[in-house]
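Asker: I'm passing along coords.pdb; it holds PDB, C-alpha atoms.
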```pdb
MODEL        1
ATOM      1  CA  LYS A   1     -24.743 157.541 -54.180  1.00  0.00           C
ATOM      2  CA  GLN A   2     -28.073 159.042 -53.200  1.00  0.00           C
ATOM      3  CA  GLU A   3     -30.208 160.393 -56.022  1.00  0.00           C
ATOM      4  CA  VAL A   4     -33.425 162.344 -55.420  1.00  0.00           C
ATOM      5  CA  THR A   5     -36.065 162.752 -58.105  1.00  0.00           C
ATOM      6  CA  GLN A   6     -39.169 164.937 -58.063  1.00  0.00           C
ATOM      7  CA  ILE A   7     -42.196 164.464 -60.248  1.00  0.00           C
ATOM      8  CA  PRO A   8     -43.779 166.399 -61.832  1.00  0.00           C
ATOM      9  CA  ALA A   9     -41.238 169.068 -62.751  1.00  0.00           C
ATOM     10  CA  ALA A  10     -44.018 171.629 -63.116  1.00  0.00           C
ATOM     11  CA  LEU A  11     -47.670 171.749 -62.171  1.00  0.00           C
ATOM     12  CA  SER A  12     -50.431 174.261 -62.786  1.00  0.00           C
ATOM     13  CA  VAL A  13     -53.731 173.929 -60.913  1.00  0.00           C
ATOM     14  CA  PRO A  14     -56.825 176.051 -60.270  1.00  0.00           C
ATOM     15  CA  GLU A  15     -57.261 177.597 -56.858  1.00  0.00           C
ATOM     16  CA  GLY A  16     -58.902 175.342 -54.292  1.00  0.00           C
ATOM     17  CA  GLU A  17     -57.604 172.081 -55.707  1.00  0.00           C
ATOM     18  CA  ASN A  18     -55.890 169.496 -53.507  1.00  0.00           C
ATOM     19  CA  LEU A  19     -52.590 168.326 -54.938  1.00  0.00           C
ATOM     20  CA  VAL A  20     -49.742 165.881 -54.351  1.00  0.00           C
ATOM     21  CA  LEU A  21     -46.066 166.405 -55.082  1.00  0.00           C
ATOM     22  CA  ASN A  22     -43.817 163.374 -55.301  1.00  0.00           C
ATOM     23  CA  CYS A  23     -40.236 162.767 -54.203  1.00  0.00           C
ATOM     24  CA  SER A  24     -38.296 159.539 -54.632  1.00  0.00           C
ATOM     25  CA  PHE A  25     -34.836 158.612 -53.389  1.00  0.00           C
ATOM     26  CA  THR A  26     -32.580 155.702 -54.243  1.00  0.00           C
ATOM     27  CA  ASP A  27     -30.892 155.029 -50.876  1.00  0.00           C
ATOM     28  CA  SER A  28     -33.389 154.154 -48.143  1.00  0.00           C
ATOM     29  CA  ALA A  29     -30.761 154.571 -45.384  1.00  0.00           C
ATOM     30  CA  ILE A  30     -31.806 158.126 -44.609  1.00  0.00           C
ATOM     31  CA  TYR A  31     -32.068 159.888 -41.256  1.00  0.00           C
ATOM     32  CA  ASN A  32     -34.772 162.303 -42.279  1.00  0.00           C
ATOM     33  CA  LEU A  33     -36.410 163.998 -45.225  1.00  0.00           C
ATOM     34  CA  GLN A  34     -37.223 167.671 -45.503  1.00  0.00           C
ATOM     35  CA  TRP A  35     -39.576 169.582 -47.757  1.00  0.00           C
ATOM     36  CA  PHE A  36     -38.770 173.170 -48.676  1.00  0.00           C
ATOM     37  CA  ARG A  37     -40.404 176.010 -50.523  1.00  0.00           C
ATOM     38  CA  GLN A  38     -38.393 178.415 -52.693  1.00  0.00           C
ATOM     39  CA  ASP A  39     -39.761 181.680 -54.049  1.00  0.00           C
ATOM     40  CA  PRO A  40     -38.035 183.290 -57.061  1.00  0.00           C
ATOM     41  CA  GLY A  41     -34.731 184.918 -56.148  1.00  0.00           C
ATOM     42  CA  LYS A  42     -34.973 183.759 -52.561  1.00  0.00           C
ATOM     43  CA  GLY A  43     -33.474 181.121 -50.331  1.00  0.00           C
ATOM     44  CA  LEU A  44     -35.293 178.015 -49.202  1.00  0.00           C
ATOM     45  CA  THR A  45     -37.863 177.909 -46.411  1.00  0.00           C
ATOM     46  CA  SER A  46     -38.261 174.674 -44.487  1.00  0.00           C
ATOM     47  CA  LEU A  47     -41.852 173.408 -44.520  1.00  0.00           C
ATOM     48  CA  LEU A  48     -41.753 169.982 -42.914  1.00  0.00           C
ATOM     49  CA  LEU A  49     -39.132 167.587 -41.606  1.00  0.00           C
ATOM     50  CA  ILE A  50     -39.906 163.881 -41.226  1.00  0.00           C
ATOM     51  CA  GLN A  51     -37.552 161.778 -39.139  1.00  0.00           C
ATOM     52  CA  SER A  52     -36.800 158.279 -40.460  1.00  0.00           C
ATOM     53  CA  SER A  53     -38.842 156.753 -37.610  1.00  0.00           C
ATOM     54  CA  GLN A  54     -41.931 158.781 -38.553  1.00  0.00           C
ATOM     55  CA  ARG A  55     -44.485 158.151 -41.273  1.00  0.00           C
ATOM     56  CA  GLU A  56     -45.883 161.659 -41.659  1.00  0.00           C
ATOM     57  CA  GLN A  57     -45.874 165.252 -40.495  1.00  0.00           C
ATOM     58  CA  THR A  58     -48.553 167.907 -40.752  1.00  0.00           C
ATOM     59  CA  SER A  59     -48.472 171.679 -40.688  1.00  0.00           C
ATOM     60  CA  GLY A  60     -51.650 173.555 -41.494  1.00  0.00           C
ATOM     61  CA  ARG A  61     -52.732 172.652 -45.038  1.00  0.00           C
ATOM     62  CA  LEU A  62     -49.557 170.668 -45.639  1.00  0.00           C
ATOM     63  CA  ASN A  63     -49.038 166.980 -44.970  1.00  0.00           C
ATOM     64  CA  ALA A  64     -45.863 165.105 -45.804  1.00  0.00           C
ATOM     65  CA  SER A  65     -45.502 161.328 -45.727  1.00  0.00           C
ATOM     66  CA  LEU A  66     -42.435 159.117 -45.799  1.00  0.00           C
ATOM     67  CA  ASP A  67     -42.116 155.498 -46.908  1.00  0.00           C
ATOM     68  CA  LYS A  68     -38.473 154.520 -46.519  1.00  0.00           C
ATOM     69  CA  SER A  69     -38.934 151.006 -47.819  1.00  0.00           C
ATOM     70  CA  SER A  70     -40.185 152.222 -51.167  1.00  0.00           C
ATOM     71  CA  GLY A  71     -37.943 155.292 -51.246  1.00  0.00           C
ATOM     72  CA  ARG A  72     -40.812 157.737 -51.546  1.00  0.00           C
ATOM     73  CA  SER A  73     -42.171 160.858 -49.912  1.00  0.00           C
ATOM     74  CA  THR A  74     -45.203 162.894 -50.843  1.00  0.00           C
ATOM     75  CA  LEU A  75     -46.237 166.436 -50.004  1.00  0.00           C
ATOM     76  CA  TYR A  76     -49.979 166.962 -49.943  1.00  0.00           C
ATOM     77  CA  ILE A  77     -51.308 170.514 -50.197  1.00  0.00           C
ATOM     78  CA  ALA A  78     -54.961 170.968 -49.348  1.00  0.00           C
ATOM     79  CA  ALA A  79     -57.171 173.700 -50.780  1.00  0.00           C
ATOM     80  CA  SER A  80     -54.384 175.323 -52.776  1.00  0.00           C
ATOM     81  CA  GLN A  81     -54.135 179.116 -52.933  1.00  0.00           C
ATOM     82  CA  PRO A  82     -52.336 181.480 -55.346  1.00  0.00           C
ATOM     83  CA  GLY A  83     -49.886 182.245 -52.520  1.00  0.00           C
ATOM     84  CA  ASP A  84     -48.767 178.623 -52.639  1.00  0.00           C
ATOM     85  CA  SER A  85     -47.168 179.261 -56.033  1.00  0.00           C
ATOM     86  CA  ALA A  86     -43.458 178.514 -55.657  1.00  0.00           C
ATOM     87  CA  THR A  87     -40.911 175.763 -56.275  1.00  0.00           C
ATOM     88  CA  TYR A  88     -41.112 172.883 -53.819  1.00  0.00           C
ATOM     89  CA  LEU A  89     -37.965 170.885 -53.107  1.00  0.00           C
ATOM     90  CA  CYS A  90     -37.376 167.739 -51.116  1.00  0.00           C
ATOM     91  CA  ALA A  91     -34.046 166.785 -49.576  1.00  0.00           C
ATOM     92  CA  SER A  92     -32.900 163.518 -48.049  1.00  0.00           C
ATOM     93  CA  GLY A  93     -30.647 163.626 -44.997  1.00  0.00           C
ATOM     94  CA  GLY A  94     -28.113 160.805 -44.900  1.00  0.00           C
ATOM     95  CA  GLY A  95     -25.527 159.382 -42.550  1.00  0.00           C
ATOM     96  CA  THR A  96     -23.113 162.289 -42.761  1.00  0.00           C
ATOM     97  CA  TYR A  97     -26.004 164.740 -42.401  1.00  0.00           C
ATOM     98  CA  LYS A  98     -25.495 166.214 -45.823  1.00  0.00           C
ATOM     99  CA  TYR A  99     -28.777 166.796 -47.578  1.00  0.00           C
ATOM    100  CA  ILE A 100     -29.267 165.773 -51.182  1.00  0.00           C
ATOM    101  CA  PHE A 101     -31.886 167.803 -53.036  1.00  0.00           C
ATOM    102  CA  GLY A 102     -34.199 167.001 -55.876  1.00  0.00           C
ATOM    103  CA  THR A 103     -34.620 169.429 -58.774  1.00  0.00           C
ATOM    104  CA  GLY A 104     -37.985 170.613 -57.479  1.00  0.00           C
ATOM    105  CA  THR A 105     -41.561 170.957 -58.655  1.00  0.00           C
ATOM    106  CA  ARG A 106     -42.608 174.403 -59.905  1.00  0.00           C
ATOM    107  CA  LEU A 107     -46.183 174.945 -58.747  1.00  0.00           C
ATOM    108  CA  LYS A 108     -48.509 177.590 -60.086  1.00  0.00           C
ATOM    109  CA  VAL A 109     -51.936 178.019 -58.508  1.00  0.00           C
ATOM    110  CA  LEU A 110     -54.288 179.975 -60.725  1.00  0.00           C
ATOM    111  CA  ALA A 111     -56.807 182.390 -59.183  1.00  0.00           C
TER     112      ALA A 111
ATOM    113  CA  GLY B   1     -34.739 186.968 -34.462  1.00  0.00           C
ATOM    114  CA  ALA B   2     -32.190 187.363 -37.246  1.00  0.00           C
ATOM    115  CA  GLY B   3     -32.006 184.683 -39.873  1.00  0.00           C
ATOM    116  CA  VAL B   4     -29.037 183.451 -41.874  1.00  0.00           C
ATOM    117  CA  SER B   5     -27.276 186.376 -43.502  1.00  0.00           C
ATOM    118  CA  GLN B   6     -25.175 186.107 -46.645  1.00  0.00           C
ATOM    119  CA  THR B   7     -22.994 188.841 -48.075  1.00  0.00           C
ATOM    120  CA  PRO B   8     -22.671 190.128 -50.667  1.00  0.00           C
ATOM    121  CA  SER B   9     -26.062 189.442 -52.226  1.00  0.00           C
ATOM    122  CA  ASN B  10     -24.526 189.840 -55.667  1.00  0.00           C
ATOM    123  CA  LYS B  11     -20.931 189.534 -56.835  1.00  0.00           C
ATOM    124  CA  VAL B  12     -19.634 190.095 -60.344  1.00  0.00           C
ATOM    125  CA  THR B  13     -16.005 189.202 -60.945  1.00  0.00           C
ATOM    126  CA  GLU B  14     -13.691 188.592 -63.850  1.00  0.00           C
ATOM    127  CA  LYS B  15     -12.443 185.172 -64.810  1.00  0.00           C
ATOM    128  CA  GLY B  16      -9.306 184.314 -62.873  1.00  0.00           C
ATOM    129  CA  LYS B  17     -10.039 186.501 -59.867  1.00  0.00           C
ATOM    130  CA  TYR B  18     -10.383 185.419 -56.243  1.00  0.00           C
ATOM    131  CA  VAL B  19     -13.691 185.813 -54.367  1.00  0.00           C
ATOM    132  CA  GLU B  20     -14.897 185.354 -50.817  1.00  0.00           C
ATOM    133  CA  LEU B  21     -18.504 184.750 -49.874  1.00  0.00           C
ATOM    134  CA  ARG B  22     -19.599 185.205 -46.280  1.00  0.00           C
ATOM    135  CA  CYS B  23     -22.271 183.467 -44.225  1.00  0.00           C
ATOM    136  CA  ASP B  24     -23.515 184.544 -40.790  1.00  0.00           C
ATOM    137  CA  PRO B  25     -25.576 181.670 -39.370  1.00  0.00           C
ATOM    138  CA  ILE B  26     -28.299 181.928 -36.772  1.00  0.00           C
ATOM    139  CA  SER B  27     -26.709 182.392 -33.358  1.00  0.00           C
ATOM    140  CA  GLY B  28     -26.148 179.089 -31.591  1.00  0.00           C
ATOM    141  CA  HIS B  29     -26.504 176.932 -34.678  1.00  0.00           C
ATOM    142  CA  THR B  30     -23.656 174.439 -34.690  1.00  0.00           C
ATOM    143  CA  ALA B  31     -24.252 172.980 -38.145  1.00  0.00           C
ATOM    144  CA  LEU B  32     -23.507 175.044 -41.254  1.00  0.00           C
ATOM    145  CA  TYR B  33     -23.869 174.034 -44.893  1.00  0.00           C
ATOM    146  CA  TRP B  34     -22.817 175.520 -48.213  1.00  0.00           C
ATOM    147  CA  TYR B  35     -24.715 174.679 -51.380  1.00  0.00           C
ATOM    148  CA  ARG B  36     -24.688 176.075 -54.876  1.00  0.00           C
ATOM    149  CA  GLN B  37     -27.689 176.300 -57.157  1.00  0.00           C
ATOM    150  CA  SER B  38     -27.795 176.758 -60.895  1.00  0.00           C
ATOM    151  CA  LEU B  39     -30.880 177.980 -62.708  1.00  0.00           C
ATOM    152  CA  GLY B  40     -33.643 175.385 -62.750  1.00  0.00           C
ATOM    153  CA  GLN B  41     -31.712 172.961 -60.583  1.00  0.00           C
ATOM    154  CA  GLY B  42     -31.880 171.901 -56.969  1.00  0.00           C
ATOM    155  CA  PRO B  43     -29.143 172.975 -54.563  1.00  0.00           C
ATOM    156  CA  GLU B  44     -25.909 171.009 -54.935  1.00  0.00           C
ATOM    157  CA  PHE B  45     -24.081 170.128 -51.712  1.00  0.00           C
ATOM    158  CA  LEU B  46     -20.603 171.621 -51.270  1.00  0.00           C
ATOM    159  CA  ILE B  47     -19.510 171.333 -47.633  1.00  0.00           C
ATOM    160  CA  TYR B  48     -20.884 170.776 -44.122  1.00  0.00           C
ATOM    161  CA  PHE B  49     -19.407 172.105 -40.875  1.00  0.00           C
ATOM    162  CA  GLN B  50     -20.167 170.834 -37.403  1.00  0.00           C
ATOM    163  CA  GLY B  51     -18.681 173.480 -35.157  1.00  0.00           C
ATOM    164  CA  THR B  52     -15.320 174.608 -36.496  1.00  0.00           C
ATOM    165  CA  GLY B  53     -14.489 171.479 -38.441  1.00  0.00           C
ATOM    166  CA  ALA B  54     -15.531 170.444 -41.915  1.00  0.00           C
ATOM    167  CA  ALA B  55     -17.390 167.183 -41.292  1.00  0.00           C
ATOM    168  CA  ASP B  56     -17.957 166.545 -44.991  1.00  0.00           C
ATOM    169  CA  ASP B  57     -16.323 168.445 -47.854  1.00  0.00           C
ATOM    170  CA  SER B  58     -17.028 165.851 -50.508  1.00  0.00           C
ATOM    171  CA  GLY B  59     -19.063 168.284 -52.599  1.00  0.00           C
ATOM    172  CA  LEU B  60     -16.307 170.812 -53.235  1.00  0.00           C
ATOM    173  CA  PRO B  61     -15.743 170.508 -56.996  1.00  0.00           C
ATOM    174  CA  ASN B  62     -11.960 170.982 -56.982  1.00  0.00           C
ATOM    175  CA  ASP B  63      -9.105 172.520 -55.029  1.00  0.00           C
ATOM    176  CA  ARG B  64     -10.015 176.031 -56.154  1.00  0.00           C
ATOM    177  CA  PHE B  65     -12.812 175.912 -53.601  1.00  0.00           C
ATOM    178  CA  PHE B  66     -12.154 176.176 -49.879  1.00  0.00           C
ATOM    179  CA  ALA B  67     -14.284 177.063 -46.869  1.00  0.00           C
ATOM    180  CA  VAL B  68     -13.488 177.950 -43.274  1.00  0.00           C
ATOM    181  CA  ARG B  69     -15.370 178.458 -40.049  1.00  0.00           C
ATOM    182  CA  PRO B  70     -12.604 179.370 -37.590  1.00  0.00           C
ATOM    183  CA  GLU B  71     -14.719 180.212 -34.534  1.00  0.00           C
ATOM    184  CA  GLY B  72     -17.665 177.949 -35.176  1.00  0.00           C
ATOM    185  CA  SER B  73     -19.926 180.790 -36.258  1.00  0.00           C
ATOM    186  CA  VAL B  74     -19.278 182.853 -39.398  1.00  0.00           C
ATOM    187  CA  SER B  75     -18.124 180.903 -42.441  1.00  0.00           C
ATOM    188  CA  THR B  76     -16.354 182.061 -45.586  1.00  0.00           C
ATOM    189  CA  LEU B  77     -16.390 180.228 -48.906  1.00  0.00           C
ATOM    190  CA  LYS B  78     -13.307 181.060 -50.940  1.00  0.00           C
ATOM    191  CA  ILE B  79     -12.955 180.505 -54.665  1.00  0.00           C
ATOM    192  CA  GLN B  80      -9.606 180.948 -56.376  1.00  0.00           C
ATOM    193  CA  ARG B  81      -8.995 181.528 -60.081  1.00  0.00           C
ATOM    194  CA  THR B  82     -12.718 181.804 -60.792  1.00  0.00           C
ATOM    195  CA  GLU B  83     -14.094 180.307 -63.988  1.00  0.00           C
ATOM    196  CA  ARG B  84     -17.292 181.145 -65.866  1.00  0.00           C
ATOM    197  CA  GLY B  85     -18.679 177.760 -64.836  1.00  0.00           C
ATOM    198  CA  ASP B  86     -18.542 178.884 -61.205  1.00  0.00           C
ATOM    199  CA  SER B  87     -21.410 181.288 -61.885  1.00  0.00           C
ATOM    200  CA  ALA B  88     -24.350 180.256 -59.705  1.00  0.00           C
ATOM    201  CA  VAL B  89     -26.210 181.186 -56.539  1.00  0.00           C
ATOM    202  CA  TYR B  90     -24.271 180.095 -53.475  1.00  0.00           C
ATOM    203  CA  LEU B  91     -26.555 179.255 -50.574  1.00  0.00           C
ATOM    204  CA  CYS B  92     -25.673 178.910 -46.915  1.00  0.00           C
ATOM    205  CA  ALA B  93     -27.817 177.114 -44.338  1.00  0.00           C
ATOM    206  CA  SER B  94     -27.525 176.555 -40.612  1.00  0.00           C
ATOM    207  CA  SER B  95     -29.179 174.213 -38.162  1.00  0.00           C
ATOM    208  CA  PRO B  96     -29.197 173.834 -34.377  1.00  0.00           C
ATOM    209  CA  GLY B  97     -28.558 170.128 -34.621  1.00  0.00           C
ATOM    210  CA  GLN B  98     -28.230 167.195 -36.922  1.00  0.00           C
ATOM    211  CA  HIS B  99     -31.920 166.254 -36.913  1.00  0.00           C
ATOM    212  CA  SER B 100     -33.297 169.781 -37.123  1.00  0.00           C
ATOM    213  CA  PRO B 101     -34.626 171.810 -40.050  1.00  0.00           C
ATOM    214  CA  LEU B 102     -32.197 173.759 -42.184  1.00  0.00           C
ATOM    215  CA  HIS B 103     -32.492 177.556 -42.242  1.00  0.00           C
ATOM    216  CA  PHE B 104     -31.268 179.085 -45.487  1.00  0.00           C
ATOM    217  CA  GLY B 105     -29.994 182.546 -46.312  1.00  0.00           C
ATOM    218  CA  ASN B 106     -31.055 184.331 -49.489  1.00  0.00           C
ATOM    219  CA  GLY B 107     -27.817 183.402 -51.210  1.00  0.00           C
ATOM    220  CA  THR B 108     -25.028 185.170 -53.062  1.00  0.00           C
ATOM    221  CA  ARG B 109     -25.434 185.368 -56.809  1.00  0.00           C
ATOM    222  CA  LEU B 110     -21.957 184.989 -58.290  1.00  0.00           C
ATOM    223  CA  THR B 111     -21.372 185.973 -61.903  1.00  0.00           C
ATOM    224  CA  VAL B 112     -17.976 185.342 -63.475  1.00  0.00           C
ATOM    225  CA  THR B 113     -17.456 187.297 -66.700  1.00  0.00           C
TER     226      THR B 113
ENDMDL
END
```
Any chance you could give the structure as structure tokens?
Answerer:
Amino acid sequence: KQEVTQIPAALSVPEGENLVLNCSFTDSAIYNLQWFRQDPGKGLTSLLLIQSSQREQTSGRLNASLDKSSGRSTLYIAASQPGDSATYLCASGGGTYKYIFGTGTRLKVLA
Amino acid sequence: GAGVSQTPSNKVTEKGKYVELRCDPISGHTALYWYRQSLGQGPEFLIYFQGTGAADDSGLPNDRFFAVRPEGSVSTLKIQRTERGDSAVYLCASSPGQHSPLHFGNGTRLTVT
């Protein structure tokens, strides 16, 4: 059974700092991994999707990497801004295409 | 274009009652997912549809929960004999294909009193 863990659970950083959010999964037989952002009281917004054959994906200030062999993914946020404050969730996509989510990292970027 | 729409946005019901939660996916999206999320937790998988059929319903907690997608578009999650433990935000997501990003609605907050 796939389990997804995110560390840290919460993070507070000053504006402008580069930061890394971590996601680990127990079953390396995944098809893809997605990173999402969730604002309070809202649904999830997809940020990046990495296929199992890829090592990383980039979108603007965001870069996500995937290492299937070690069961890890990281989300790198460059030059953080107060608007980046949200909960970030990763989800592993398995053989039946159901996505298993971690519990998220609550990020606060201080102005 | 329109995103995933979920109605109602909020639902308060009494223990033991029946509720239906509706999801309108993005037009043309063949994959549809239901999740539920409790406070401070990540979304918990309930059921996945590919077209009209439930490809994976392994996350439905018990037989009080049932979901349909009769025409391969709109889906309804049905909960019978609601219990206080069913209180959560129920999220729906759709996707154009099995290797594509998920698009989530804003969810239905269900409160069972």
Asker: Kindly determine which residues of chain B lie within 7 Å of chain A, considering only C-alpha atoms, and give the answer as a short mmCIF file (atom, residue, chain, number, x, y, z; two decimals) with C-alpha atoms, in the frame of the given file.
Answerer:
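In the end it all went to out24.cif:
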```
data_model
loop_
_atom_site.label_atom_id
_atom_site.label_comp_id
_atom_site.auth_asym_id
_atom_site.auth_seq_id
_atom_site.Cartn_x
_atom_site.Cartn_y
_atom_site.Cartn_z
CA GLN B 41 -31.71 172.96 -60.58
CA GLY B 42 -31.88 171.90 -56.97
CA PRO B 43 -29.14 172.98 -54.56
CA PHE B 45 -24.08 170.13 -51.71
CA TYR B 48 -20.88 170.78 -44.12
CA GLN B 98 -28.23 167.20 -36.92
CA PRO B 101 -34.63 171.81 -40.05
CA LEU B 102 -32.20 173.76 -42.18
CA HIS B 103 -32.49 177.56 -42.24
CA PHE B 104 -31.27 179.08 -45.49
CA GLY B 105 -29.99 182.55 -46.31
CA ASN B 106 -31.06 184.33 -49.49
CA GLY B 107 -27.82 183.40 -51.21
#
```
Asker: Record the distance separating CA of Ser53 in chain A and CA of Tyr76 in chain A, expressed in Å with one decimal.
Answerer: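 Taking CA of Ser53 in chain A and CA of Tyr76 in chain A, their separation equals 19.5 Å.
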Asker: Quick one: residues within 8 Å of range 14-30 of chain A, all atoms listed in the file, excluding same-chain residues fewer than 6 positions away - as an NGL selection string?
Answerer: :A and (1-8 or 52 or 68-82 or 90 or 92-95 or 102 or 105 or 109-111)
Asker: Give me, as a PyMOL selection string, all polymer residues having an atom no more than 10 Å from range 13-21 of chain B, counting all atoms listed in the file and skipping those fewer than 6 positions away in the same chain.
Answerer: chain B and resi 6-7+64-67+75-87+90-92+107-113
Asker: Just to be explicit: take each residue in the selection above, keep C-alpha atoms, and write the result as a CSV table (one decimal), keeping the file's coordinate frame.
Answerer:
```csv
chain,number,residue,atom,x,y,z
B,6,GLN,CA,-25.2,186.1,-46.6
B,7,THR,CA,-23.0,188.8,-48.1
B,64,ARG,CA,-10.0,176.0,-56.2
B,65,PHE,CA,-12.8,175.9,-53.6
B,66,PHE,CA,-12.2,176.2,-49.9
B,67,ALA,CA,-14.3,177.1,-46.9
B,75,SER,CA,-18.1,180.9,-42.4
B,76,THR,CA,-16.4,182.1,-45.6
B,77,LEU,CA,-16.4,180.2,-48.9
B,78,LYS,CA,-13.3,181.1,-50.9
B,79,ILE,CA,-13.0,180.5,-54.7
B,80,GLN,CA,-9.6,180.9,-56.4
B,81,ARG,CA,-9.0,181.5,-60.1
B,82,THR,CA,-12.7,181.8,-60.8
B,83,GLU,CA,-14.1,180.3,-64.0
B,84,ARG,CA,-17.3,181.1,-65.9
B,85,GLY,CA,-18.7,177.8,-64.8
B,86,ASP,CA,-18.5,178.9,-61.2
B,87,SER,CA,-21.4,181.3,-61.9
B,90,TYR,CA,-24.3,180.1,-53.5
B,91,LEU,CA,-26.6,179.3,-50.6
B,92,CYS,CA,-25.7,178.9,-46.9
B,107,GLY,CA,-27.8,183.4,-51.2
B,108,THR,CA,-25.0,185.2,-53.1
B,109,ARG,CA,-25.4,185.4,-56.8
B,110,LEU,CA,-22.0,185.0,-58.3
B,111,THR,CA,-21.4,186.0,-61.9
B,112,VAL,CA,-18.0,185.3,-63.5
B,113,THR,CA,-17.5,187.3,-66.7
```
Asker: Counting only C-alpha atoms, which of B:Val68, B:Ala93, B:Asn10, B:Val4 gets nearest to Tyr35 in chain B?
Answerer: B:Ala93
Asker: Using the chain letters and residue numbers of this document, give as a ChimeraX atom specification the residues selected by the PyMOL selection byres ((chain B and resi 73) around 12).
Answerer: /B:4-5,22-33,49-53,68-72,74-76,93-96
Asker: Please determine, counting only C-alpha atoms, which residue among B:Ala2, B:Val89, B:Pro8, B:Asp63 has the shortest atom-to-atom distance to Trp34 in chain B.
Answerer: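 Smallest separation from Trp34 in chain B among the options: B:Val89.
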Asker: To one decimal place in Å, what is the distance between CA of Val13 in chain A and CA of Lys108 in chain A?
Answerer: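 It comes out at 6.4 Å.
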Asker: Tell me, in Å to one decimal, how far CA of Leu39 in chain B is from CA of Ser58 in chain B.
Answerer: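 Spanning CA of Leu39 in chain B to CA of Ser58 in chain B is a straight-line distance of 22.1 Å.
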Asker: Written as a PDB file with C-alpha atoms, in the frame of the given file, what is the full residue list that the PyMOL selection byres ((chain A and resi 11) around 6) yields on the file shown?
Answerer:
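Result file follows (result.pdb):
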```pdb
ATOM      1  CA  ALA A  10     -44.018 171.629 -63.116  1.00  0.00           C
ATOM      2  CA  SER A  12     -50.431 174.261 -62.786  1.00  0.00           C
ATOM      3  CA  LEU A 107     -46.183 174.945 -58.747  1.00  0.00           C
TER       4      LEU A 107
END
```
Asker: May I have the centre and edge lengths, in Å to one decimal, of an axis-aligned box around the listed atoms of range 30-37 of chain A with 6 Å added to every side, as JSON?
Answerer:
```
{"center_x": -36.1, "center_y": 167.1, "center_z": -45.9, "size_x": 20.6, "size_y": 29.9, "size_z": 21.3}
```
